[in-house]
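Engineer: Right, I'll just put the structure down here and ask away after.
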Amino acid sequence: MAKLLKKEFKLFTHPTSWMFLAFGAMMLIPGYPMYVVLFWATLGLFYACLSARENNDLYYTLLLPVRKRDAVRARGLYFALTELLQLLCCVPFAILRYVLKIGPNGAGMDVNIALFGLGLVLLGLFNCLFLPRLYKNPTSVGKPFLIVMIWVFVYILAAEACCFVVPFFRDVLDTPDPQHLGAKLIVFFAGAVLFALLTALGVRRAEAIFEKVDL
């Protein structure tokens, strides 16, 4: 698995994934929907999948002495690590926003610990929905991504709307740190668990689907 993952980073990674890491600086933009910052990680993965299709990456992988399931697991692990790296690159700018006292985010959720927990749920949802669709028909990348993006942005809109209409979100989660730190930490750790579970579910479903695909 370690060698397959190394192959993913060397051959599957698209240059835009590295470029989008710098978009963590968007955390400094006043009045910006912060969940969109994490969207760029998924877009980088989409470009990587497109590039892999054009370069016959999947066929090359399956010519190696590996099982189909191992190829899917390595790709799923790569997705998760790339997304976590995107999240990690947002942290310094979140701290800088606090230092600069930019103030509350009028567009929705403020930059705080709860935002990162809810963002992890967003990324887990993407993995859970996209991976099975991707491996159902490996030559089709655009349509599955478009379908999944509809659900992703429904989640973003719902999460941002909660900041205005749901008291717990408005009065507890959508506040500057360290206010209500206990509740925010619970949301963060719950989001981390859901990220792991949703990603694992997506990988398991993709494995089962890909086993039946005749290449």
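Residue numbers start at 1 in each chain; chains themselves are named A, B, ... in the order of the structure tokens; ligands are numbered from 1 in the order shown.
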I'd like the neighbourhood of Ala107 of chain A as a PDB file with C-alpha atoms, in the first residue's frame, where a residue qualifies if any of its atoms comes within 9 Å (using only C-alpha atoms), though same-chain residues fewer than 2 positions away should be ignored.
Structural biologist:
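Output contents, as saved in part-v1.pdb:
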ATOM      1  CA  PRO A  30     -14.029  39.381   4.776  1.00  0.00           C
ATOM      2  CA  GLY A  31     -17.574  38.272   3.987  1.00  0.00           C
ATOM      3  CA  TYR A  32     -16.600  35.110   2.094  1.00  0.00           C
ATOM      4  CA  PRO A  33     -18.290  31.665   2.373  1.00  0.00           C
ATOM      5  CA  MET A  34     -15.403  29.816   3.985  1.00  0.00           C
ATOM      6  CA  PRO A 104     -17.101  38.215  12.080  1.00  0.00           C
ATOM      7  CA  ASN A 105     -17.940  36.742   8.705  1.00  0.00           C
ATOM      8  CA  MET A 109     -19.870  30.638   9.473  1.00  0.00           C
ATOM      9  CA  ASP A 110     -17.002  32.489  11.060  1.00  0.00           C
ATOM     10  CA  GLU A 160     -24.385  28.635   5.938  1.00  0.00           C
TER      11      GLU A 160
END
Engineer: Quick one: everything within 9 Å of segment 122-137 of chain A, counting only C-alpha atoms, minus sequence neighbours fewer than 6 positions away in the same chain. Send it as a compact mmCIF listing (two decimals) with N, CA and C atoms, in the first residue's frame.
Structural biologist:
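Full text of part-v2.txt as output:
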# COMPACT_ATOMS: atom_id res chain seq x y z
N TYR A 35 -16.54 27.73 3.46
CA TYR A 35 -16.57 26.34 3.02
C TYR A 35 -16.04 26.21 1.59
N LEU A 38 -12.49 25.05 0.94
CA LEU A 38 -12.22 23.61 0.90
C LEU A 38 -12.65 22.99 -0.43
N PHE A 39 -13.55 23.65 -1.14
CA PHE A 39 -13.98 23.16 -2.45
C PHE A 39 -12.80 23.01 -3.40
N ALA A 41 -9.89 21.93 -2.92
CA ALA A 41 -9.24 20.62 -2.80
C ALA A 41 -9.93 19.59 -3.68
N THR A 42 -11.26 19.62 -3.69
CA THR A 42 -12.01 18.67 -4.52
C THR A 42 -11.81 18.97 -6.01
N CYS A 49 -8.03 13.42 -11.65
CA CYS A 49 -8.75 12.29 -12.25
C CYS A 49 -8.84 12.44 -13.77
N VAL A 72 -8.02 0.98 -5.46
CA VAL A 72 -9.07 1.87 -4.97
C VAL A 72 -8.71 2.44 -3.60
N ARG A 75 -6.11 5.15 -3.84
CA ARG A 75 -6.70 6.38 -4.37
C ARG A 75 -7.54 7.07 -3.29
N GLY A 76 -8.30 6.30 -2.54
CA GLY A 76 -9.11 6.88 -1.46
C GLY A 76 -8.24 7.50 -0.38
N PHE A 79 -6.92 10.75 -1.69
CA PHE A 79 -7.95 11.78 -1.58
C PHE A 79 -7.97 12.37 -0.18
N ALA A 80 -8.00 11.49 0.82
CA ALA A 80 -8.10 11.94 2.21
C ALA A 80 -6.89 12.77 2.63
N GLU A 83 -6.93 16.24 0.98
CA GLU A 83 -7.93 17.11 1.59
C GLU A 83 -7.48 17.59 2.97
N LEU A 84 -6.88 16.71 3.74
CA LEU A 84 -6.38 17.11 5.05
C LEU A 84 -5.24 18.11 4.93
N PRO A 144 -19.92 12.51 -13.05
CA PRO A 144 -19.97 12.22 -11.61
C PRO A 144 -19.59 13.42 -10.74
N PHE A 145 -18.57 14.16 -11.18
CA PHE A 145 -18.14 15.32 -10.40
C PHE A 145 -19.24 16.37 -10.35
N ILE A 147 -22.50 15.93 -10.63
CA ILE A 147 -23.59 15.45 -9.77
C ILE A 147 -23.23 15.61 -8.30
N VAL A 148 -22.00 15.25 -7.95
CA VAL A 148 -21.57 15.33 -6.56
C VAL A 148 -21.46 16.78 -6.11
N MET A 149 -21.03 17.66 -7.01
CA MET A 149 -20.92 19.08 -6.66
C MET A 149 -22.28 19.68 -6.31
N TRP A 151 -24.64 18.15 -4.66
CA TRP A 151 -24.85 17.79 -3.25
C TRP A 151 -23.90 18.54 -2.33
N VAL A 152 -22.67 18.75 -2.78
CA VAL A 152 -21.71 19.49 -1.97
C VAL A 152 -22.17 20.92 -1.72
N TYR A 155 -25.02 21.14 0.64
CA TYR A 155 -24.50 21.09 2.02
C TYR A 155 -23.98 22.46 2.44
N ILE A 156 -23.21 23.11 1.56
CA ILE A 156 -22.64 24.42 1.89
C ILE A 156 -23.75 25.44 2.16
N GLY A 191 -16.85 15.93 13.44
CA GLY A 191 -16.59 16.09 12.01
C GLY A 191 -15.45 15.22 11.54
N ALA A 192 -14.39 15.10 12.37
CA ALA A 192 -13.25 14.25 12.01
C ALA A 192 -13.67 12.79 11.92
N LEU A 194 -16.74 11.67 11.31
CA LEU A 194 -17.60 11.53 10.13
C LEU A 194 -16.79 11.54 8.85
N PHE A 195 -15.75 12.36 8.81
CA PHE A 195 -14.87 12.38 7.64
C PHE A 195 -14.27 11.00 7.40
N ALA A 196 -13.76 10.39 8.46
CA ALA A 196 -13.16 9.06 8.34
C ALA A 196 -14.19 8.02 7.93
N LEU A 197 -15.37 8.07 8.55
CA LEU A 197 -16.40 7.07 8.25
C LEU A 197 -16.94 7.23 6.83
N LEU A 198 -17.21 8.46 6.43
CA LEU A 198 -17.75 8.69 5.08
C LEU A 198 -16.73 8.31 4.01
N THR A 199 -15.46 8.64 4.26
CA THR A 199 -14.42 8.28 3.29
C THR A 199 -14.28 6.76 3.20
N ALA A 200 -14.28 6.10 4.36
CA ALA A 200 -14.18 4.64 4.37
C ALA A 200 -15.37 4.02 3.65
N LEU A 201 -16.56 4.56 3.87
CA LEU A 201 -17.76 4.05 3.20
C LEU A 201 -17.65 4.23 1.69
N GLY A 202 -17.17 5.40 1.27
CA GLY A 202 -16.99 5.64 -0.17
C GLY A 202 -16.00 4.68 -0.78
N VAL A 203 -14.90 4.41 -0.07
CA VAL A 203 -13.88 3.48 -0.57
C VAL A 203 -14.45 2.06 -0.66
N ARG A 204 -15.17 1.63 0.38
CA ARG A 204 -15.75 0.28 0.38
C ARG A 204 -16.73 0.10 -0.77
N ARG A 205 -17.57 1.09 -0.99
CA ARG A 205 -18.54 1.01 -2.09
C ARG A 205 -17.81 1.01 -3.43
N ALA A 206 -16.78 1.85 -3.55
CA ALA A 206 -16.01 1.91 -4.80
C ALA A 206 -15.30 0.58 -5.07
N GLU A 207 -14.78 -0.06 -4.03
CA GLU A 207 -14.14 -1.36 -4.19
C GLU A 207 -15.11 -2.40 -4.73
N ALA A 208 -16.30 -2.44 -4.13
CA ALA A 208 -17.30 -3.43 -4.55
C ALA A 208 -17.73 -3.19 -5.98
N ILE A 209 -17.87 -1.93 -6.35
CA ILE A 209 -18.29 -1.58 -7.71
C ILE A 209 -17.19 -1.91 -8.72
N PHE A 210 -15.96 -1.53 -8.39
CA PHE A 210 -14.85 -1.69 -9.32
C PHE A 210 -14.50 -3.16 -9.56
N LYS A 212 -16.49 -5.40 -10.16
CA LYS A 212 -17.40 -5.90 -11.20
C LYS A 212 -17.19 -5.24 -12.55
N VAL A 213 -16.33 -4.22 -12.58
CA VAL A 213 -16.08 -3.49 -13.83
C VAL A 213 -15.09 -4.27 -14.69
Engineer: From a backbone DSSP assignment, name each residue in segment 4-210 of chain A labelled alpha helix (DSSP H), as a ChimeraX atom specification.
Structural biologist: /A:4-7,15-20,35-54,57-63,68-100,113-136,142-165,167-168,181-210
Engineer: Can you work out the spacing between atom CA of Pro176 of chain A and atom CA of Ala190 of chain A in Å, to one decimal?
Structural biologist: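 For atom CA of Pro176 of chain A relative to atom CA of Ala190 of chain A, the distance reads 19.4 Å.
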Engineer: From the options A:Ser51, A:Leu28, A:Val187, A:Val121, which residue's atoms come nearest to Pro15 of chain A, counting only C-alpha atoms?
Structural biologist: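 Answer, going by the shortest atom-to-atom distance: A:Ser51.
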Engineer: If I take atom CA of Tyr60 of chain A and atom CA of Leu11 of chain A, how far is one from the other in Å, to one decimal?
Structural biologist: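 These atoms are spaced 10.6 Å apart.
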Engineer: Determine, counting only C-alpha atoms, which protein, DNA and RNA residues have an atom within 8 Å of an atom of Met27 of chain A; residues of the same chain fewer than 4 positions away are not included. Present the result as a PyMOL selection string.
Structural biologist: chain A and resi 32+34+37+90+93-94+97+111
Engineer: For those residues, write C-alpha atoms to a file as a PDB file, in the first residue's frame.
Structural biologist:
ATOM      1  CA  TYR A  32     -16.600  35.110   2.094  1.00  0.00           C
ATOM      2  CA  MET A  34     -15.403  29.816   3.985  1.00  0.00           C
ATOM      3  CA  VAL A  37     -12.052  27.382   0.380  1.00  0.00           C
ATOM      4  CA  CYS A  90      -5.931  26.945   6.032  1.00  0.00           C
ATOM      5  CA  PHE A  93      -4.478  31.969   7.761  1.00  0.00           C
ATOM      6  CA  ALA A  94      -7.282  31.291  10.220  1.00  0.00           C
ATOM      7  CA  ARG A  97      -7.322  36.377  10.601  1.00  0.00           C
ATOM      8  CA  VAL A 111     -13.469  31.120  10.876  1.00  0.00           C
TER       9      VAL A 111
END
Engineer: Please provide as a list in words all residues within 8 Å of His14 of chain A, with the sequence filter that same-chain residues fewer than 5 positions apart are discarded (counting only C-alpha atoms).
Structural biologist: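 Close residues of His14 of chain A: Gly44, Leu45, Tyr47, Ala48 and Ser51 of chain A.
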Engineer: Could you tell me which of A:Ile102, A:Ile113, A:Val141, A:Ala161 comes closest to Leu181 of chain A if we count only C-alpha atoms?
Structural biologist: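 Checking each of A:Ile102, A:Ile113, A:Val141, A:Ala161 against Leu181 of chain A, counting only C-alpha atoms, the winner is A:Ile113.
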Engineer: Could you give me, as JSON, numbers by chain, the residues within 7 Å of Phe188 of chain A, counting only C-alpha atoms and dropping anything in the same chain fewer than 4 positions from it?
Structural biologist: {"A": [113, 114, 116, 117, 118, 184, 192]}
Engineer: For Glu211 of chain A, which of A:Ala71, A:Cys163, A:Leu157, A:Val91 is the closest residue, counting only C-alpha atoms?
Structural biologist: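 The answer is A:Ala71, which sits nearest to Glu211 of chain A.
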